[in-house]
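Structure data follow from structure37.cif (mmCIF, C-alpha atoms and all ligand atoms):
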data_entry
#
loop_
_atom_site.group_PDB
_atom_site.id
_atom_site.type_symbol
_atom_site.label_atom_id
_atom_site.label_comp_id
_atom_site.auth_asym_id
_atom_site.auth_seq_id
_atom_site.Cartn_x
_atom_site.Cartn_y
_atom_site.Cartn_z
ATOM 1 C CA MET A 1 -18.931 -47.556 -23.145
ATOM 2 C CA LYS A 2 -19.390 -43.996 -24.415
ATOM 3 C CA LEU A 3 -22.845 -43.030 -25.722
ATOM 4 C CA CYS A 4 -23.251 -40.271 -28.291
ATOM 5 C CA VAL A 5 -24.651 -37.195 -26.500
ATOM 6 C CA ALA A 6 -26.604 -36.233 -29.614
ATOM 7 C CA CYS A 7 -28.241 -39.505 -30.693
ATOM 8 C CA GLY A 8 -27.495 -42.083 -27.967
ATOM 9 C CA MET A 9 -25.607 -44.484 -30.199
ATOM 10 C CA PRO A 10 -22.921 -46.573 -28.435
ATOM 11 C CA MET A 11 -19.468 -45.484 -29.600
ATOM 12 C CA GLU A 12 -16.728 -48.106 -29.561
ATOM 13 C CA GLY A 13 -14.619 -48.372 -32.699
ATOM 14 C CA ASP A 14 -12.702 -45.453 -34.212
ATOM 15 C CA GLY A 15 -15.238 -45.516 -37.054
ATOM 16 C CA ASP A 16 -18.015 -44.482 -34.634
ATOM 17 C CA PHE A 17 -16.266 -41.163 -33.899
ATOM 18 C CA PRO A 18 -16.207 -38.071 -36.164
ATOM 19 C CA LEU A 19 -13.025 -38.224 -38.260
ATOM 20 C CA GLY A 20 -11.914 -41.025 -35.913
ATOM 21 C CA ASP A 21 -11.433 -38.509 -33.071
ATOM 22 C CA ARG A 22 -12.098 -40.500 -29.866
ATOM 23 C CA SER A 23 -12.119 -37.378 -27.708
ATOM 24 C CA LYS A 24 -15.471 -36.315 -29.199
ATOM 25 C CA ASP A 25 -18.716 -36.896 -27.249
ATOM 26 C CA TYR A 26 -20.845 -37.134 -30.406
ATOM 27 C CA CYS A 27 -20.779 -39.800 -33.081
ATOM 28 C CA VAL A 28 -19.945 -39.862 -36.760
ATOM 29 C CA HIS A 29 -23.673 -39.697 -37.658
ATOM 30 C CA CYS A 30 -24.125 -36.476 -35.671
ATOM 31 C CA ALA A 31 -21.114 -34.717 -37.189
ATOM 32 C CA ARG A 32 -20.834 -32.475 -40.241
ATOM 33 C CA PRO A 33 -18.293 -33.428 -42.906
ATOM 34 C CA ASP A 34 -15.725 -31.131 -41.194
ATOM 35 C CA GLY A 35 -16.159 -33.023 -37.888
ATOM 36 C CA SER A 36 -18.112 -30.324 -35.997
ATOM 37 C CA MET A 37 -21.419 -31.262 -34.345
ATOM 38 C CA GLN A 38 -24.646 -30.738 -36.264
ATOM 39 C CA SER A 39 -27.105 -28.086 -35.055
ATOM 40 C CA TYR A 40 -30.423 -28.986 -33.385
ATOM 41 C CA GLU A 41 -32.290 -28.274 -36.616
ATOM 42 C CA GLU A 42 -29.886 -30.307 -38.769
ATOM 43 C CA LYS A 43 -30.123 -33.283 -36.424
ATOM 44 C CA ALA A 44 -33.917 -33.026 -36.076
ATOM 45 C CA GLN A 45 -34.316 -33.001 -39.851
ATOM 46 C CA SER A 46 -31.988 -35.909 -40.509
ATOM 47 C CA LEU A 47 -33.461 -37.965 -37.672
ATOM 48 C CA ALA A 48 -37.042 -37.272 -38.829
ATOM 49 C CA ALA A 49 -36.084 -38.181 -42.397
ATOM 50 C CA PHE A 50 -34.529 -41.403 -41.159
ATOM 51 C CA VAL A 51 -37.569 -42.341 -39.035
ATOM 52 C CA ALA A 52 -39.884 -41.624 -41.986
ATOM 53 C CA ARG A 53 -37.740 -43.603 -44.409
ATOM 54 C CA SER A 54 -37.067 -46.635 -42.214
ATOM 55 C CA GLN A 55 -40.501 -46.985 -40.578
ATOM 56 C CA GLY A 56 -42.779 -45.256 -43.045
ATOM 57 C CA LEU A 57 -44.215 -42.786 -40.506
ATOM 58 C CA ASP A 58 -46.128 -39.704 -41.592
ATOM 59 C CA PRO A 59 -43.628 -36.783 -41.849
ATOM 60 C CA GLY A 60 -45.310 -34.776 -39.060
ATOM 61 C CA GLN A 61 -45.267 -37.775 -36.719
ATOM 62 C CA ALA A 62 -41.676 -38.538 -37.676
ATOM 63 C CA ARG A 63 -40.636 -34.982 -36.756
ATOM 64 C CA LYS A 64 -42.460 -35.275 -33.422
ATOM 65 C CA ALA A 65 -40.707 -38.571 -32.727
ATOM 66 C CA ALA A 66 -37.323 -37.089 -33.645
ATOM 67 C CA GLU A 67 -37.803 -34.131 -31.298
ATOM 68 C CA ALA A 68 -38.946 -36.397 -28.477
ATOM 69 C CA MET A 69 -35.909 -38.616 -28.901
ATOM 70 C CA MET A 70 -33.593 -35.625 -28.960
ATOM 71 C CA GLY A 71 -35.235 -34.186 -25.843
ATOM 72 C CA ARG A 72 -33.909 -37.154 -23.862
ATOM 73 C CA LEU A 73 -30.324 -36.801 -25.002
ATOM 74 C CA PRO A 74 -27.738 -34.718 -23.118
ATOM 75 C CA ALA A 75 -26.795 -32.570 -26.109
ATOM 76 C CA TRP A 76 -30.329 -31.302 -26.655
ATOM 77 C CA LYS A 77 -31.997 -31.304 -23.231
ATOM 78 C CA ALA A 78 -31.498 -27.549 -22.955
ATOM 79 C CA ALA A 79 -32.531 -26.892 -26.544
ATOM 80 C CA ARG A 80 -36.210 -27.600 -26.010
ATOM 81 C CA MET B 1 -11.659 -43.605 10.957
ATOM 82 C CA LEU B 2 -13.033 -41.733 7.994
ATOM 83 C CA THR B 3 -10.163 -41.239 5.615
ATOM 84 C CA GLU B 4 -10.820 -39.599 2.289
ATOM 85 C CA GLN B 5 -10.640 -43.005 0.662
ATOM 86 C CA SER B 6 -13.168 -44.611 2.977
ATOM 87 C CA VAL B 7 -15.592 -41.754 2.260
ATOM 88 C CA ILE B 8 -15.188 -42.426 -1.462
ATOM 89 C CA ILE B 9 -15.699 -46.158 -0.923
ATOM 90 C CA GLN B 10 -18.839 -45.527 1.119
ATOM 91 C CA GLY B 11 -20.102 -43.172 -1.585
ATOM 92 C CA THR B 12 -19.493 -45.843 -4.221
ATOM 93 C CA LYS B 13 -21.289 -48.433 -2.098
ATOM 94 C CA ARG B 14 -24.258 -46.155 -1.720
ATOM 95 C CA SER B 15 -24.536 -45.536 -5.440
ATOM 96 C CA GLN B 16 -24.087 -49.261 -6.134
ATOM 97 C CA GLN B 17 -26.871 -49.953 -3.658
ATOM 98 C CA LYS B 18 -29.039 -47.342 -5.323
ATOM 99 C CA ALA B 19 -28.439 -48.932 -8.726
ATOM 100 C CA ALA B 20 -29.254 -52.381 -7.293
ATOM 101 C CA THR B 21 -32.516 -51.082 -5.793
ATOM 102 C CA ARG B 22 -33.440 -49.495 -9.100
ATOM 103 C CA GLU B 23 -32.702 -52.799 -10.826
ATOM 104 C CA THR B 24 -34.978 -54.657 -8.376
ATOM 105 C CA ILE B 25 -37.774 -52.142 -8.931
ATOM 106 C CA LEU B 26 -37.514 -52.446 -12.718
ATOM 107 C CA ARG B 27 -37.561 -56.237 -12.550
ATOM 108 C CA SER B 28 -40.576 -56.313 -10.201
ATOM 109 C CA ALA B 29 -42.480 -53.777 -12.299
ATOM 110 C CA ARG B 30 -41.762 -55.700 -15.491
ATOM 111 C CA SER B 31 -43.111 -58.967 -14.139
ATOM 112 C CA LEU B 32 -46.222 -57.325 -12.673
ATOM 113 C CA TYR B 33 -46.893 -55.535 -15.966
ATOM 114 C CA ALA B 34 -46.640 -58.915 -17.680
ATOM 115 C CA GLU B 35 -48.934 -60.662 -15.165
ATOM 116 C CA ARG B 36 -51.605 -58.036 -14.571
ATOM 117 C CA GLY B 37 -51.253 -55.597 -17.416
ATOM 118 C CA ILE B 38 -49.589 -52.186 -17.347
ATOM 119 C CA ALA B 39 -52.527 -49.900 -16.566
ATOM 120 C CA ALA B 40 -53.720 -52.275 -13.840
ATOM 121 C CA THR B 41 -50.387 -52.279 -11.987
ATOM 122 C CA ARG B 42 -50.309 -49.872 -9.049
ATOM 123 C CA SER B 43 -47.029 -48.592 -7.656
ATOM 124 C CA ALA B 44 -47.921 -49.948 -4.193
ATOM 125 C CA ALA B 45 -47.953 -53.459 -5.681
ATOM 126 C CA VAL B 46 -44.578 -52.869 -7.323
ATOM 127 C CA ALA B 47 -43.103 -51.702 -4.009
ATOM 128 C CA GLN B 48 -44.488 -54.771 -2.261
ATOM 129 C CA ALA B 49 -43.149 -57.157 -4.921
ATOM 130 C CA ALA B 50 -39.750 -55.468 -4.720
ATOM 131 C CA GLY B 51 -39.775 -55.735 -0.921
ATOM 132 C CA LEU B 52 -39.510 -51.973 -0.502
ATOM 133 C CA ALA B 53 -41.397 -49.286 1.337
ATOM 134 C CA HIS B 54 -43.669 -47.294 -0.945
ATOM 135 C CA GLY B 55 -41.634 -44.184 -0.078
ATOM 136 C CA THR B 56 -38.450 -45.791 -1.368
ATOM 137 C CA LEU B 57 -40.107 -46.551 -4.686
ATOM 138 C CA PHE B 58 -41.365 -42.980 -4.786
ATOM 139 C CA LEU B 59 -37.805 -41.666 -4.341
ATOM 140 C CA HIS B 60 -36.694 -43.547 -7.439
ATOM 141 C CA PHE B 61 -39.819 -42.994 -9.528
ATOM 142 C CA PRO B 62 -42.065 -40.161 -8.317
ATOM 143 C CA ARG B 63 -44.648 -40.937 -11.006
ATOM 144 C CA GLN B 64 -45.936 -44.269 -12.352
ATOM 145 C CA GLU B 65 -45.314 -43.015 -15.869
ATOM 146 C CA GLU B 66 -41.603 -42.595 -15.095
ATOM 147 C CA LEU B 67 -41.386 -46.183 -13.914
ATOM 148 C CA LEU B 68 -43.015 -47.471 -17.108
ATOM 149 C CA VAL B 69 -40.712 -45.329 -19.259
ATOM 150 C CA ALA B 70 -37.698 -46.667 -17.318
ATOM 151 C CA VAL B 71 -38.798 -50.278 -17.884
ATOM 152 C CA ILE B 72 -39.179 -49.625 -21.625
ATOM 153 C CA GLU B 73 -35.814 -47.852 -21.798
ATOM 154 C CA ASP B 74 -34.127 -50.662 -19.872
ATOM 155 C CA PHE B 75 -35.423 -53.155 -22.440
ATOM 156 C CA GLY B 76 -34.403 -50.799 -25.270
ATOM 157 C CA GLU B 77 -30.859 -50.406 -23.925
ATOM 158 C CA GLY B 78 -30.378 -54.172 -23.752
ATOM 159 C CA LEU B 79 -31.668 -54.615 -27.295
ATOM 160 C CA CYS B 80 -29.546 -51.736 -28.540
ATOM 161 C CA ARG B 81 -26.415 -53.296 -27.011
ATOM 162 C CA ARG B 82 -27.107 -56.659 -28.651
ATOM 163 C CA LEU B 83 -27.712 -55.070 -32.036
ATOM 164 C CA HIS B 84 -24.712 -52.820 -31.830
ATOM 165 C CA GLU B 85 -22.396 -55.700 -30.976
ATOM 166 C CA LEU B 86 -23.674 -57.563 -34.030
ATOM 167 C CA SER B 87 -23.519 -54.673 -36.444
ATOM 168 C CA ALA B 88 -19.942 -53.993 -35.419
ATOM 169 C CA GLY B 89 -19.222 -57.448 -36.835
ATOM 170 C CA GLY B 90 -21.367 -56.798 -39.944
ATOM 171 C CA ARG B 91 -23.276 -60.033 -39.365
ATOM 172 C CA GLY B 92 -26.204 -59.384 -41.680
ATOM 173 C CA LEU B 93 -30.002 -59.358 -41.569
ATOM 174 C CA ARG B 94 -30.438 -62.823 -40.071
ATOM 175 C CA ALA B 95 -28.282 -61.883 -37.093
ATOM 176 C CA CYS B 96 -30.308 -58.665 -36.571
ATOM 177 C CA LEU B 97 -33.615 -60.549 -36.598
ATOM 178 C CA GLU B 98 -32.301 -63.168 -34.201
ATOM 179 C CA ALA B 99 -30.953 -60.479 -31.865
ATOM 180 C CA HIS B 100 -34.338 -58.769 -31.954
ATOM 181 C CA LEU B 101 -36.138 -61.984 -31.008
ATOM 182 C CA ALA B 102 -33.572 -62.782 -28.312
ATOM 183 C CA GLY B 103 -34.128 -59.323 -26.791
ATOM 184 C CA LEU B 104 -37.911 -59.761 -26.926
ATOM 185 C CA ARG B 105 -37.808 -63.272 -25.448
ATOM 186 C CA GLU B 106 -36.319 -61.905 -22.227
ATOM 187 C CA VAL B 107 -39.308 -59.619 -21.721
ATOM 188 C CA GLU B 108 -41.985 -61.396 -23.745
ATOM 189 C CA GLY B 109 -44.897 -60.989 -21.323
ATOM 190 C CA PHE B 110 -44.139 -57.339 -20.694
ATOM 191 C CA TYR B 111 -43.702 -56.570 -24.382
ATOM 192 C CA ALA B 112 -46.995 -58.286 -25.257
ATOM 193 C CA ALA B 113 -48.748 -56.167 -22.619
ATOM 194 C CA LEU B 114 -47.067 -53.079 -24.049
ATOM 195 C CA LEU B 115 -48.394 -53.895 -27.524
ATOM 196 C CA THR B 116 -51.901 -54.604 -26.294
ATOM 197 C CA GLU B 117 -52.121 -51.425 -24.227
ATOM 198 C CA ALA B 118 -49.988 -49.075 -26.358
ATOM 199 C CA GLY B 119 -52.918 -46.974 -27.560
ATOM 200 C CA HIS B 120 -53.923 -46.075 -23.996
ATOM 201 C CA LEU B 121 -50.496 -45.470 -22.484
ATOM 202 C CA PRO B 122 -49.068 -42.015 -21.713
ATOM 203 C CA GLU B 123 -47.394 -40.311 -24.656
ATOM 204 C CA ALA B 124 -43.964 -40.513 -22.985
ATOM 205 C CA ALA B 125 -44.252 -44.319 -22.929
ATOM 206 C CA ARG B 126 -45.380 -44.498 -26.562
ATOM 207 C CA LEU B 127 -42.452 -42.307 -27.574
ATOM 208 C CA SER B 128 -40.051 -44.551 -25.656
ATOM 209 C CA LEU B 129 -41.346 -47.545 -27.574
ATOM 210 C CA LEU B 130 -40.963 -45.603 -30.813
ATOM 211 C CA MET B 131 -37.344 -44.872 -29.874
ATOM 212 C CA VAL B 132 -36.696 -48.583 -29.404
ATOM 213 C CA GLN B 133 -38.289 -49.272 -32.801
ATOM 214 C CA SER B 134 -36.149 -46.582 -34.386
ATOM 215 C CA THR B 135 -32.940 -48.114 -33.084
ATOM 216 C CA LEU B 136 -34.073 -51.484 -34.353
ATOM 217 C CA SER B 137 -35.036 -50.061 -37.739
ATOM 218 C CA TRP B 138 -31.619 -48.411 -38.019
ATOM 219 C CA HIS B 139 -29.895 -51.784 -37.703
ATOM 220 C CA ILE B 140 -32.355 -53.668 -39.890
ATOM 221 C CA ALA B 141 -32.168 -51.001 -42.597
ATOM 222 C CA ALA B 142 -28.367 -51.043 -42.552
ATOM 223 C CA ALA B 143 -28.224 -54.845 -42.763
ATOM 224 C CA ALA B 144 -30.912 -54.988 -45.462
ATOM 225 C CA GLU B 145 -29.261 -52.298 -47.578
ATOM 226 C CA ALA B 146 -25.938 -54.114 -47.351
ATOM 227 C CA GLY B 147 -27.778 -57.269 -48.501
ATOM 228 C CA MET B 148 -29.361 -55.357 -51.406
ATOM 229 C CA GLU B 149 -25.918 -54.144 -52.461
ATOM 230 C CA ALA B 150 -24.574 -57.696 -52.245
ATOM 231 C CA GLY B 151 -27.541 -59.025 -54.217
ATOM 232 C CA THR B 152 -28.840 -61.327 -51.461
ATOM 233 C CA ILE B 153 -31.832 -59.162 -50.447
ATOM 234 C CA ARG B 154 -34.450 -58.128 -53.018
ATOM 235 C CA ARG B 155 -34.566 -54.356 -53.617
ATOM 236 C CA GLN B 156 -37.641 -52.851 -51.906
ATOM 237 C CA PRO B 157 -38.601 -49.835 -49.788
ATOM 238 C CA VAL B 158 -36.884 -50.201 -46.412
ATOM 239 C CA HIS B 159 -39.966 -49.181 -44.399
ATOM 240 C CA LEU B 160 -42.009 -52.005 -45.941
ATOM 241 C CA LEU B 161 -39.233 -54.480 -45.328
ATOM 242 C CA PHE B 162 -39.114 -53.318 -41.685
ATOM 243 C CA ASN B 163 -42.884 -53.164 -41.147
ATOM 244 C CA THR B 164 -43.397 -56.615 -42.656
ATOM 245 C CA TRP B 165 -41.069 -58.060 -40.017
ATOM 246 C CA ILE B 166 -42.601 -56.051 -37.168
ATOM 247 C CA GLY B 167 -46.116 -56.936 -38.311
ATOM 248 C CA LEU B 168 -45.283 -60.634 -38.263
ATOM 249 C CA VAL B 169 -43.617 -60.585 -34.843
ATOM 250 C CA HIS B 170 -46.271 -58.384 -33.250
ATOM 251 C CA HIS B 171 -49.092 -60.550 -34.572
ATOM 252 C CA TYR B 172 -47.620 -63.632 -32.940
ATOM 253 C CA LEU B 173 -46.977 -61.742 -29.699
ATOM 254 C CA ALA B 174 -50.404 -60.121 -29.522
ATOM 255 C CA ASN B 175 -52.040 -63.524 -30.035
ATOM 256 C CA ARG B 176 -49.526 -65.631 -28.189
ATOM 257 C CA GLU B 177 -52.197 -67.652 -26.406
ATOM 258 C CA LEU B 178 -53.354 -68.914 -29.809
ATOM 259 C CA PHE B 179 -49.890 -69.773 -31.107
ATOM 260 C CA ALA B 180 -48.267 -71.121 -27.969
ATOM 261 C CA PRO B 181 -50.668 -71.465 -25.026
ATOM 262 C CA GLY B 182 -48.882 -71.318 -21.706
ATOM 263 C CA ALA B 183 -45.472 -71.085 -23.382
ATOM 264 C CA LEU B 184 -43.168 -68.412 -24.765
ATOM 265 C CA VAL B 185 -44.374 -67.878 -28.311
ATOM 266 C CA LEU B 186 -41.075 -66.550 -29.639
ATOM 267 C CA GLU B 187 -39.228 -69.491 -28.184
ATOM 268 C CA ARG B 188 -41.590 -71.913 -29.888
ATOM 269 C CA ARG B 189 -42.226 -70.100 -33.190
ATOM 270 C CA GLY B 190 -39.382 -67.583 -33.537
ATOM 271 C CA GLY B 191 -37.161 -69.784 -35.695
ATOM 272 C CA GLU B 192 -40.000 -70.381 -38.126
ATOM 273 C CA LEU B 193 -40.673 -66.636 -38.395
ATOM 274 C CA VAL B 194 -37.034 -65.821 -39.153
ATOM 275 C CA GLU B 195 -36.817 -68.482 -41.886
ATOM 276 C CA HIS B 196 -40.092 -67.470 -43.492
ATOM 277 C CA TYR B 197 -39.257 -63.783 -43.450
ATOM 278 C CA LEU B 198 -35.782 -64.260 -44.892
ATOM 279 C CA GLY B 199 -37.340 -66.375 -47.644
ATOM 280 C CA LEU B 200 -39.715 -63.483 -48.441
ATOM 281 C CA VAL B 201 -37.111 -60.757 -48.687
ATOM 282 C CA SER B 202 -34.191 -62.700 -50.151
ATOM 283 C CA THR B 203 -33.419 -62.816 -53.863
ATOM 284 C CA GLY B 204 -33.088 -66.580 -53.642
ATOM 285 C CA ASP B 205 -29.519 -66.469 -54.904
ATOM 286 C CA ARG B 206 -28.374 -67.276 -51.462
ATOM 287 C CA ILE B 207 -30.283 -67.111 -48.201
ATOM 288 C CA GLU B 208 -28.896 -64.196 -46.267
ATOM 289 C CA GLY B 209 -26.489 -65.855 -43.873
ATOM 290 C CA GLY B 210 -24.747 -65.018 -40.630
HETATM 291 ZN ZN ZN A 301 -24.794 -39.560 -32.689
#
Target encoding structure tokens, full file:
Amino acid sequence: MKLCVACGMPMEGDGDFPLGDRSKDYCVHCARPDGSMQSYEEKAQSLAAFVARSQGLDPGQARKAAEAMMGRLPAWKAAR
Amino acid sequence: MLTEQSVIIQGTKRSQQKAATRETILRSARSLYAERGIAATRSAAVAQAAGLAHGTLFLHFPRQEELLVAVIEDFGEGLCRRLHELSAGGRGLRACLEAHLAGLREVEGFYAALLTEAGHLPEAARLSLLMVQSTLSWHIAAAAEAGMEAGTIRRQPVHLLFNTWIGLVHHYLANRELFAPGALVLERRGGELVEHYLGLVSTGDRIEGG
């Protein structure tokens, strides 16, 4: 099974891929509306916002968590 | 004779063997963490339990912290797979909660030790646990929001809905000797927790079903 290089999500169905394009290594949640991959900053912000919203973490802690998660994913290893 | 194919086959065997050794190490570490506690488990004991030379363990995990992180990630990957399979079928909040408990039941002793010792563990380990929680919260939030749209789940902030569930489960795990001495607490009490929690968050129109 393919894992999104940018967030680690398992990608199986066409709906998991940006614009249904199965050749992509990143998932629909890590893509911009035009299908290109989000930047490090875009992904860090959306991930931090998600962590804060779904778990109620302090924004600073949520950002730290988002960056740590991204640091373990292939797409962002070099970005840190 | 070493044909190109036999070299490839040998290479595959070696990497399969490496993966099997890694698997054995993770399993041994997990049960020692559960028995003795995480901080109290030395890598020499893990090597011995896995039937390996200390040097072999060191090749796979040069630092104790890396071994702990790998055990947490291994648990997280299993849980993530379960949840993803469910969400692909859109099976709702009940199915997410049951998948969560099923994932925890497999590693109950280790997870309880992780909770008890979390404050003193290396930051990398705490972040790994947070990553597992984030994956879980993603699925629970998605299922809960679908239930809110459908009118089966009461509208409420998602983080409180999530933390109420986690608080309940963690309380039973952290005090498992009180709730189920000598037994697996989630096996004995898990069903009760799911029913109670769904009763709390549901609108009452219809209990969120599978
Ligand atoms: Zn992704």
Explicit residue set for the PyMOL selection byres (((chain A and resi 67) around 12) and not hetatm), as an NGL selection string: (:A and (6-7 or 40-49 or 51 or 60-66 or 68-73 or 76-77 or 79-80)) or (:B and (127 or 130-131))
Picked residues, the PyMOL selection byres ((chain B) within 7 of (chain A and not hetatm)), as a count of residues only: 9
Separation of atom CA of B:Thr152 from atom CA of B:Gly204, in Å and rounded to one decimal: 7.1 Å
Size and centre in Å, one decimal, axis-aligned box, all listed stretch 14-26 of chain A atoms plus 8 Å per side, as lines of an AutoDock Vina configuration file:
center_x = -16.1
center_y = -40.9
center_z = -32.8
size_x = 25.4
size_y = 25.2
size_z = 27.0
Between atom CA of B:Arg189 and atom CA of B:Ala143, distance in Å (one decimal):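 Computed distance, atom CA of B:Arg189 to atom CA of B:Ala143, equals 22.8 Å.
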Among the residues A:Cys27, A:Ala75, A:Leu19, A:Met37, the one that comes closest to A:Lys2 [using all atoms listed in the file]: A:Cys27
What would the selection look like, as a short mmCIF file (atom, residue, chain, number, x, y, z; two decimals) with C-alpha atoms, in the coordinates of the input, if the PyMOL selection byres (((chain B and resi 26-34) around 7) and not hetatm) were run on the coordinates I just shared?
data_model
loop_
_atom_site.label_atom_id
_atom_site.label_comp_id
_atom_site.auth_asym_id
_atom_site.auth_seq_id
_atom_site.Cartn_x
_atom_site.Cartn_y
_atom_site.Cartn_z
CA ARG B 22 -33.44 -49.50 -9.10
CA GLU B 23 -32.70 -52.80 -10.83
CA THR B 24 -34.98 -54.66 -8.38
CA ILE B 25 -37.77 -52.14 -8.93
CA GLU B 35 -48.93 -60.66 -15.16
CA ARG B 36 -51.60 -58.04 -14.57
CA GLY B 37 -51.25 -55.60 -17.42
CA ILE B 38 -49.59 -52.19 -17.35
CA THR B 41 -50.39 -52.28 -11.99
CA VAL B 46 -44.58 -52.87 -7.32
CA ALA B 49 -43.15 -57.16 -4.92
CA ALA B 50 -39.75 -55.47 -4.72
CA VAL B 71 -38.80 -50.28 -17.88
CA GLY B 109 -44.90 -60.99 -21.32
CA PHE B 110 -44.14 -57.34 -20.69
CA ALA B 113 -48.75 -56.17 -22.62
#
Coordinates-based distance that separates atom CA of B:Leu200 from atom CA of B:His100 (Å, one decimal): 18.0 Å
For ligand ZN 301 (chain A), the nearest of the candidates B:Ala112, B:Thr135, B:Ile166, B:Arg105, counting all atoms listed in the file: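 That would be B:Thr135, the residue with the smallest distance to ligand ZN 301 (chain A).
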